[in-house]
file structure36.cif (mmCIF, C-alpha atoms and all ligand atoms)
data_target
#
loop_
_atom_site.label_atom_id
_atom_site.label_comp_id
_atom_site.auth_asym_id
_atom_site.auth_seq_id
_atom_site.Cartn_x
_atom_site.Cartn_y
_atom_site.Cartn_z
CA MET A 1 6.59 -13.08 51.86
CA LYS A 2 3.59 -10.97 50.94
CA ALA A 3 2.41 -11.00 47.33
CA HIS A 4 3.43 -7.40 46.66
CA GLU A 5 6.87 -7.97 48.19
CA LYS A 6 7.49 -10.67 45.60
CA LEU A 7 6.90 -8.06 42.90
CA LEU A 8 9.69 -5.87 44.28
CA LEU A 9 12.02 -8.83 44.52
CA GLU A 10 11.26 -9.89 40.95
CA ASN A 11 11.83 -6.31 39.85
CA LYS A 12 15.36 -6.33 41.31
CA ALA A 13 16.12 -9.61 39.54
CA TRP A 14 14.76 -8.26 36.26
CA SER A 15 16.80 -5.06 36.50
CA LEU A 16 19.94 -7.07 37.17
CA GLU A 17 19.27 -9.40 34.26
CA LYS A 18 18.72 -6.49 31.86
CA GLN A 19 22.01 -4.88 32.94
CA GLN A 20 23.86 -8.16 32.58
CA ASP A 21 22.56 -8.49 29.01
CA ASP A 22 23.40 -4.87 28.17
CA PRO A 23 25.21 -2.65 30.70
CA GLN A 24 23.97 0.45 28.81
CA TYR A 25 20.31 -0.68 28.82
CA PHE A 26 18.93 1.74 31.43
CA LEU A 27 21.22 4.58 30.37
CA LYS A 28 19.79 4.36 26.86
CA MET A 29 16.23 3.88 28.13
CA ALA A 30 16.36 6.86 30.50
CA LYS A 31 17.44 9.27 27.75
CA ASP A 32 14.25 9.50 25.69
CA GLN A 33 11.28 7.62 24.29
CA LYS A 34 10.39 7.49 20.60
CA PRO A 35 7.63 4.92 20.29
CA ASN A 36 6.04 4.35 16.88
CA PHE A 37 2.82 2.96 18.25
CA LEU A 38 -0.03 4.01 20.50
CA TRP A 39 -1.84 0.99 21.93
CA ILE A 40 -5.35 1.45 23.31
CA GLY A 41 -6.22 -1.82 24.99
CA CYS A 42 -8.43 -3.41 27.62
CA SER A 43 -7.35 -3.34 31.26
CA ASP A 44 -7.80 -7.12 31.35
CA SER A 45 -4.72 -8.65 33.01
CA ARG A 46 -4.46 -11.30 30.30
CA VAL A 47 -3.72 -8.87 27.46
CA PRO A 48 -0.40 -7.14 28.24
CA ALA A 49 0.43 -4.92 25.26
CA ASN A 50 4.20 -5.45 25.12
CA GLU A 51 4.10 -9.14 25.80
CA VAL A 52 1.54 -10.13 23.15
CA THR A 53 3.33 -8.05 20.50
CA ASN A 54 6.82 -9.03 21.62
CA THR A 55 7.82 -5.37 21.87
CA ASP A 56 10.36 -3.89 24.26
CA PRO A 57 10.04 -0.98 26.65
CA GLY A 58 10.25 2.19 24.57
CA GLU A 59 8.44 0.82 21.54
CA MET A 60 4.83 1.37 22.50
CA PHE A 61 2.90 4.16 24.21
CA VAL A 62 0.05 2.51 26.09
CA HIS A 63 -3.40 3.49 27.32
CA ARG A 64 -5.69 0.86 28.80
CA ASN A 65 -9.22 1.04 30.16
CA ILE A 66 -12.13 -1.33 30.57
CA ALA A 67 -13.10 -2.62 27.11
CA ASN A 68 -10.61 -0.41 25.21
CA MET A 69 -12.99 2.51 24.81
CA VAL A 70 -12.45 5.81 23.01
CA VAL A 71 -14.91 8.09 24.79
CA HIS A 72 -14.90 11.60 23.38
CA THR A 73 -15.20 13.26 26.80
CA ASP A 74 -12.52 11.13 28.49
CA LEU A 75 -9.80 13.63 29.37
CA ASN A 76 -7.38 10.83 30.18
CA LEU A 77 -7.71 9.12 26.78
CA LEU A 78 -7.70 12.45 24.93
CA SER A 79 -4.55 13.60 26.71
CA VAL A 80 -2.77 10.35 25.85
CA LEU A 81 -3.98 10.63 22.25
CA GLN A 82 -2.86 14.23 21.83
CA TYR A 83 0.55 13.59 23.34
CA ALA A 84 1.09 10.45 21.27
CA VAL A 85 0.05 12.09 18.00
CA GLU A 86 1.39 15.63 18.38
CA VAL A 87 4.48 15.23 20.56
CA LEU A 88 5.66 11.66 20.09
CA GLY A 89 4.47 11.56 16.47
CA VAL A 90 3.28 7.96 16.42
CA ASN A 91 2.61 6.45 13.00
CA ASP A 92 0.10 3.82 14.06
CA ILE A 93 -2.66 3.66 16.64
CA ILE A 94 -3.99 0.26 17.58
CA VAL A 95 -7.29 -0.27 19.37
CA CYS A 96 -7.01 -3.84 20.59
CA GLY A 97 -10.00 -5.64 22.10
CA HIS A 98 -10.13 -9.27 23.06
CA TYR A 99 -12.63 -12.09 22.70
CA GLY A 100 -14.43 -12.96 25.92
CA CYS A 101 -14.10 -9.37 27.20
CA GLY A 102 -15.80 -9.06 30.59
CA GLY A 103 -16.75 -5.44 29.95
CA VAL A 104 -18.52 -6.32 26.72
CA LYS A 105 -20.20 -9.32 28.36
CA ALA A 106 -21.48 -7.09 31.15
CA ALA A 107 -22.78 -4.53 28.65
CA LEU A 108 -24.87 -7.28 27.03
CA SER A 109 -26.36 -8.24 30.39
CA HIS A 110 -29.07 -6.49 32.37
CA GLN A 111 -27.24 -6.48 35.65
CA SER A 112 -26.33 -3.27 37.41
CA LEU A 113 -22.73 -3.37 38.67
CA GLY A 114 -22.52 0.07 40.25
CA LEU A 115 -20.50 2.99 38.95
CA ILE A 116 -19.13 0.98 36.06
CA ASP A 117 -22.65 0.95 34.55
CA LYS A 118 -21.89 4.47 33.34
CA TRP A 119 -18.78 3.33 31.50
CA LEU A 120 -20.49 0.25 30.05
CA ARG A 121 -23.29 2.44 28.72
CA ASN A 122 -20.89 3.37 25.92
CA ILE A 123 -20.75 -0.29 24.86
CA LYS A 124 -24.53 -0.61 25.05
CA ASP A 125 -24.64 2.23 22.51
CA VAL A 126 -22.50 0.12 20.14
CA TYR A 127 -24.83 -2.86 20.72
CA ARG A 128 -27.82 -0.66 19.81
CA ILE A 129 -26.28 0.15 16.41
CA HIS A 130 -25.73 -3.55 15.59
CA ARG A 131 -28.66 -5.00 17.56
CA ASP A 132 -30.17 -7.04 14.68
CA GLU A 133 -26.97 -8.91 13.81
CA ILE A 134 -26.05 -9.57 17.44
CA ASP A 135 -29.51 -10.68 18.55
CA ALA A 136 -29.60 -13.20 15.67
CA LEU A 137 -26.54 -15.05 17.02
CA PRO A 138 -27.15 -18.40 18.76
CA ASP A 139 -25.51 -17.99 22.16
CA ASP A 140 -24.03 -15.51 24.63
CA ASP A 141 -20.40 -16.22 23.71
CA ALA A 142 -21.05 -15.61 20.03
CA LYS A 143 -22.90 -12.38 20.88
CA THR A 144 -20.08 -11.18 23.12
CA ASN A 145 -17.40 -11.94 20.56
CA ARG A 146 -19.25 -10.25 17.70
CA LEU A 147 -19.86 -7.19 19.86
CA VAL A 148 -16.15 -7.17 20.77
CA GLU A 149 -15.41 -6.83 17.03
CA PHE A 150 -18.07 -4.17 16.47
CA ASN A 151 -16.84 -2.31 19.54
CA VAL A 152 -13.25 -2.20 18.28
CA GLN A 153 -14.51 -0.89 14.94
CA GLU A 154 -16.62 1.78 16.66
CA GLN A 155 -13.72 2.92 18.86
CA VAL A 156 -11.46 3.28 15.81
CA MET A 157 -14.18 5.40 14.19
CA ASN A 158 -14.39 7.42 17.42
CA LEU A 159 -10.67 8.18 17.07
CA ALA A 160 -11.25 9.47 13.53
CA LYS A 161 -14.02 11.75 14.82
CA THR A 162 -11.61 13.63 17.10
CA SER A 163 -10.11 16.93 16.00
CA ILE A 164 -6.72 15.52 17.06
CA ILE A 165 -6.78 12.77 14.42
CA GLN A 166 -8.42 14.94 11.75
CA HIS A 167 -5.75 17.61 12.23
CA ALA A 168 -2.93 15.06 12.05
CA TRP A 169 -4.40 13.40 8.95
CA LYS A 170 -4.72 16.72 7.18
CA HIS A 171 -1.28 18.10 8.01
CA ASN A 172 0.93 15.05 8.55
CA LYS A 173 -0.78 12.16 6.67
CA ARG A 174 -0.62 10.02 9.81
CA PRO A 175 -1.44 8.07 11.93
CA HIS A 176 -2.90 4.89 10.50
CA LEU A 177 -5.70 3.56 12.73
CA HIS A 178 -6.07 -0.17 13.33
CA GLY A 179 -8.78 -2.24 15.03
CA TRP A 180 -7.54 -5.59 16.32
CA VAL A 181 -8.96 -8.38 18.47
CA TYR A 182 -6.78 -10.65 20.60
CA GLY A 183 -7.76 -14.28 21.18
CA LEU A 184 -7.33 -15.44 24.77
CA ASN A 185 -7.52 -19.04 23.52
CA ASP A 186 -4.58 -18.95 21.13
CA GLY A 187 -2.78 -15.64 21.69
CA ILE A 188 -3.38 -14.60 18.09
CA ILE A 189 -4.39 -11.06 17.14
CA LYS A 190 -6.95 -10.71 14.35
CA PRO A 191 -7.13 -7.41 12.45
CA VAL A 192 -10.82 -6.56 12.04
CA PHE A 193 -10.93 -2.91 10.95
CA ASP A 194 -8.61 -0.39 9.44
CA MET A 195 -8.59 3.37 8.72
CA PRO A 196 -5.58 4.66 6.77
CA PRO A 197 -4.93 8.42 6.97
CA ASN A 198 -7.65 10.52 5.31
CA THR A 199 -10.24 7.75 5.18
CA PRO A 200 -13.55 9.57 4.60
CA ILE A 201 -15.67 9.74 7.76
CA ASP A 202 -19.34 10.49 8.39
CA PRO A 203 -19.66 14.18 7.34
CA ILE A 204 -21.54 14.94 10.56
CA PHE A 205 -18.24 14.60 12.42
CA GLN A 206 -15.98 16.26 9.85
CA TYR A 207 -14.21 19.52 10.84
CA ASP A 208 -13.34 21.70 7.86
CA ASN A 209 -11.29 24.40 9.55
CA ILE A 210 -8.53 22.47 11.31
CO CO A 301 -11.70 -6.83 28.32
#
call {"tool": "encode", "arguments": {"input": "structure36.cif", "output": "structure tokens"}}
result
Amino acid sequence: MKAHEKLLLENKAWSLEKQQDDPQYFLKMAKDQKPNFLWIGCSDSRVPANEVTNTDPGEMFVHRNIANMVVHTDLNLLSVLQYAVEVLGVNDIIVCGHYGCGGVKAALSHQSLGLIDKWLRNIKDVYRIHRDEIDALPDDDAKTNRLVEFNVQEQVMNLAKTSIIQHAWKHNKRPHLHGWVYGLNDGIIKPVFDMPPNTPIDPIFQYDNI
């Protein structure tokens, strides 16, 4: 059997198991979704959003990209954000990075990797802001892991700079923004940064008329 054929077989078994546990499972699931959370995570295969938070289908709206970035010109991310905030009405947005992130590691290196260089440039910009603290660290792993934390913090701040979040904060007093980092070694998530609704932001990025 080919690798992808096993996926389809496993899917059939999973569907059957779910229906045996609860015959109404897919009927209920197909009706609607009302997730409370938007998860912005890394594409890394070792950090599956539902699994590490023990949540079920329907509980979490998910966007993943390399190194869990919030890039203000990324139409994909912005569309997910707008839909999650304005239509689904999520109460919490979680930007979840992970220690040992390959994207962050690559951004600290001087190797060109092709097209992805353009994406990783956004992480190099975060490195530039915190250069002194990162350069003072003893080894590459420590540098990567500290930049992972700074990157999560920066991406949460990038969320707060969007008109989508500022509008929702002003009119609906939500969502709460969270910056978390997942440990591949122990499976534990560490909260590293936090922006409750209406946290003051750098005035440069503040919109007054929304
Ligand atoms: Co990663």
call {"tool": "closest_residue", "arguments": {"input": "structure36.cif", "among": "A:Arg131, A:Lys12, A:Lys34, A:Lys190", "to": "Tyr99 (chain A)", "atoms": "only C-alpha atoms"}}
result
A:Lys190
call {"tool": "residues_near_point", "arguments": {"input": "structure36.cif", "point": "(-21.3, -1.3, 29.9)", "cutoff": "10 Å", "atoms": "only C-alpha atoms", "output": "list in words"}}
result
Ile66, Ala67, Gly102, Gly103, Val104, Lys105, Ala106, Ala107, Leu108, Ser109, His110, Gln111, Ser112, Leu113, Ile116, Asp117, Lys118, Trp119, Leu120, Arg121, Asn122, Ile123, Lys124, Asp125, Val126 and Tyr127 of chain A
call {"tool": "closest_atom_pairs", "arguments": {"input": "structure36.cif", "of": "region 70-142 of chain A", "to": "region 50-54 of chain A", "cutoff": "12 Å", "atoms": "all atoms listed in the file", "output": "Markdown table"}}
result
| residue | atom | partner | partner_atom | distance |
| --- | --- | --- | --- | --- |
| A:Ile94 | CA | A:Thr53 | CA | 11.5 |
| A:Cys96 | CA | A:Val52 | CA | 10.9 |
| A:His98 | CA | A:Val52 | CA | 11.7 |
call {"tool": "closest_residue", "arguments": {"input": "structure36.cif", "among": "A:Leu78, A:Leu38, A:Met195, A:Leu27", "to": "Glu154 (chain A)", "atoms": "all atoms listed in the file"}}
result
A:Met195
call {"tool": "closest_atom_pairs", "arguments": {"input": "structure36.cif", "of": "region 36-152 of chain A", "to": "region 162-172 of chain A", "cutoff": "9 Å", "atoms": "only C-alpha atoms", "output": "tab-separated table"}}
result
residue	atom	partner	partner_atom	distance
A:His72	CA	A:Thr162	CA	7.4
A:Leu78	CA	A:Ile164	CA	8.5
A:Leu81	CA	A:Ile164	CA	7.6
A:Gln82	CA	A:Ile164	CA	6.3
A:Val85	CA	A:Ala168	CA	7.3
A:Glu86	CA	A:Ala168	CA	7.7
call {"tool": "write_last_selection", "arguments": {"input": "structure36.cif", "atoms": "C-alpha atoms", "output": "PDB file, in the coordinates of the input"}}
result
ATOM      1  CA  HIS A  72     -14.900  11.600  23.380  1.00  0.00           C
ATOM      2  CA  LEU A  78      -7.700  12.450  24.930  1.00  0.00           C
ATOM      3  CA  LEU A  81      -3.980  10.630  22.250  1.00  0.00           C
ATOM      4  CA  GLN A  82      -2.860  14.230  21.830  1.00  0.00           C
ATOM      5  CA  VAL A  85       0.050  12.090  18.000  1.00  0.00           C
ATOM      6  CA  GLU A  86       1.390  15.630  18.380  1.00  0.00           C
TER       7      GLU A  86
END
call {"tool": "closest_residue", "arguments": {"input": "structure36.cif", "among": "A:Cys101, A:Ala13, A:Ala142, A:Val71", "to": "ligand CO 301 (chain A)", "atoms": "only C-alpha atoms and all ligand atoms"}}
result
A:Cys101
call {"tool": "axis_aligned_box", "arguments": {"input": "structure36.cif", "around": "region 124-129 of chain A", "padding_each_side": "6 Å", "output": "AutoDock Vina command-line options"}}
result
--center_x -25.2 --center_y -0.3 --center_z 20.7 --size_x 17.3 --size_y 17.1 --size_z 20.6
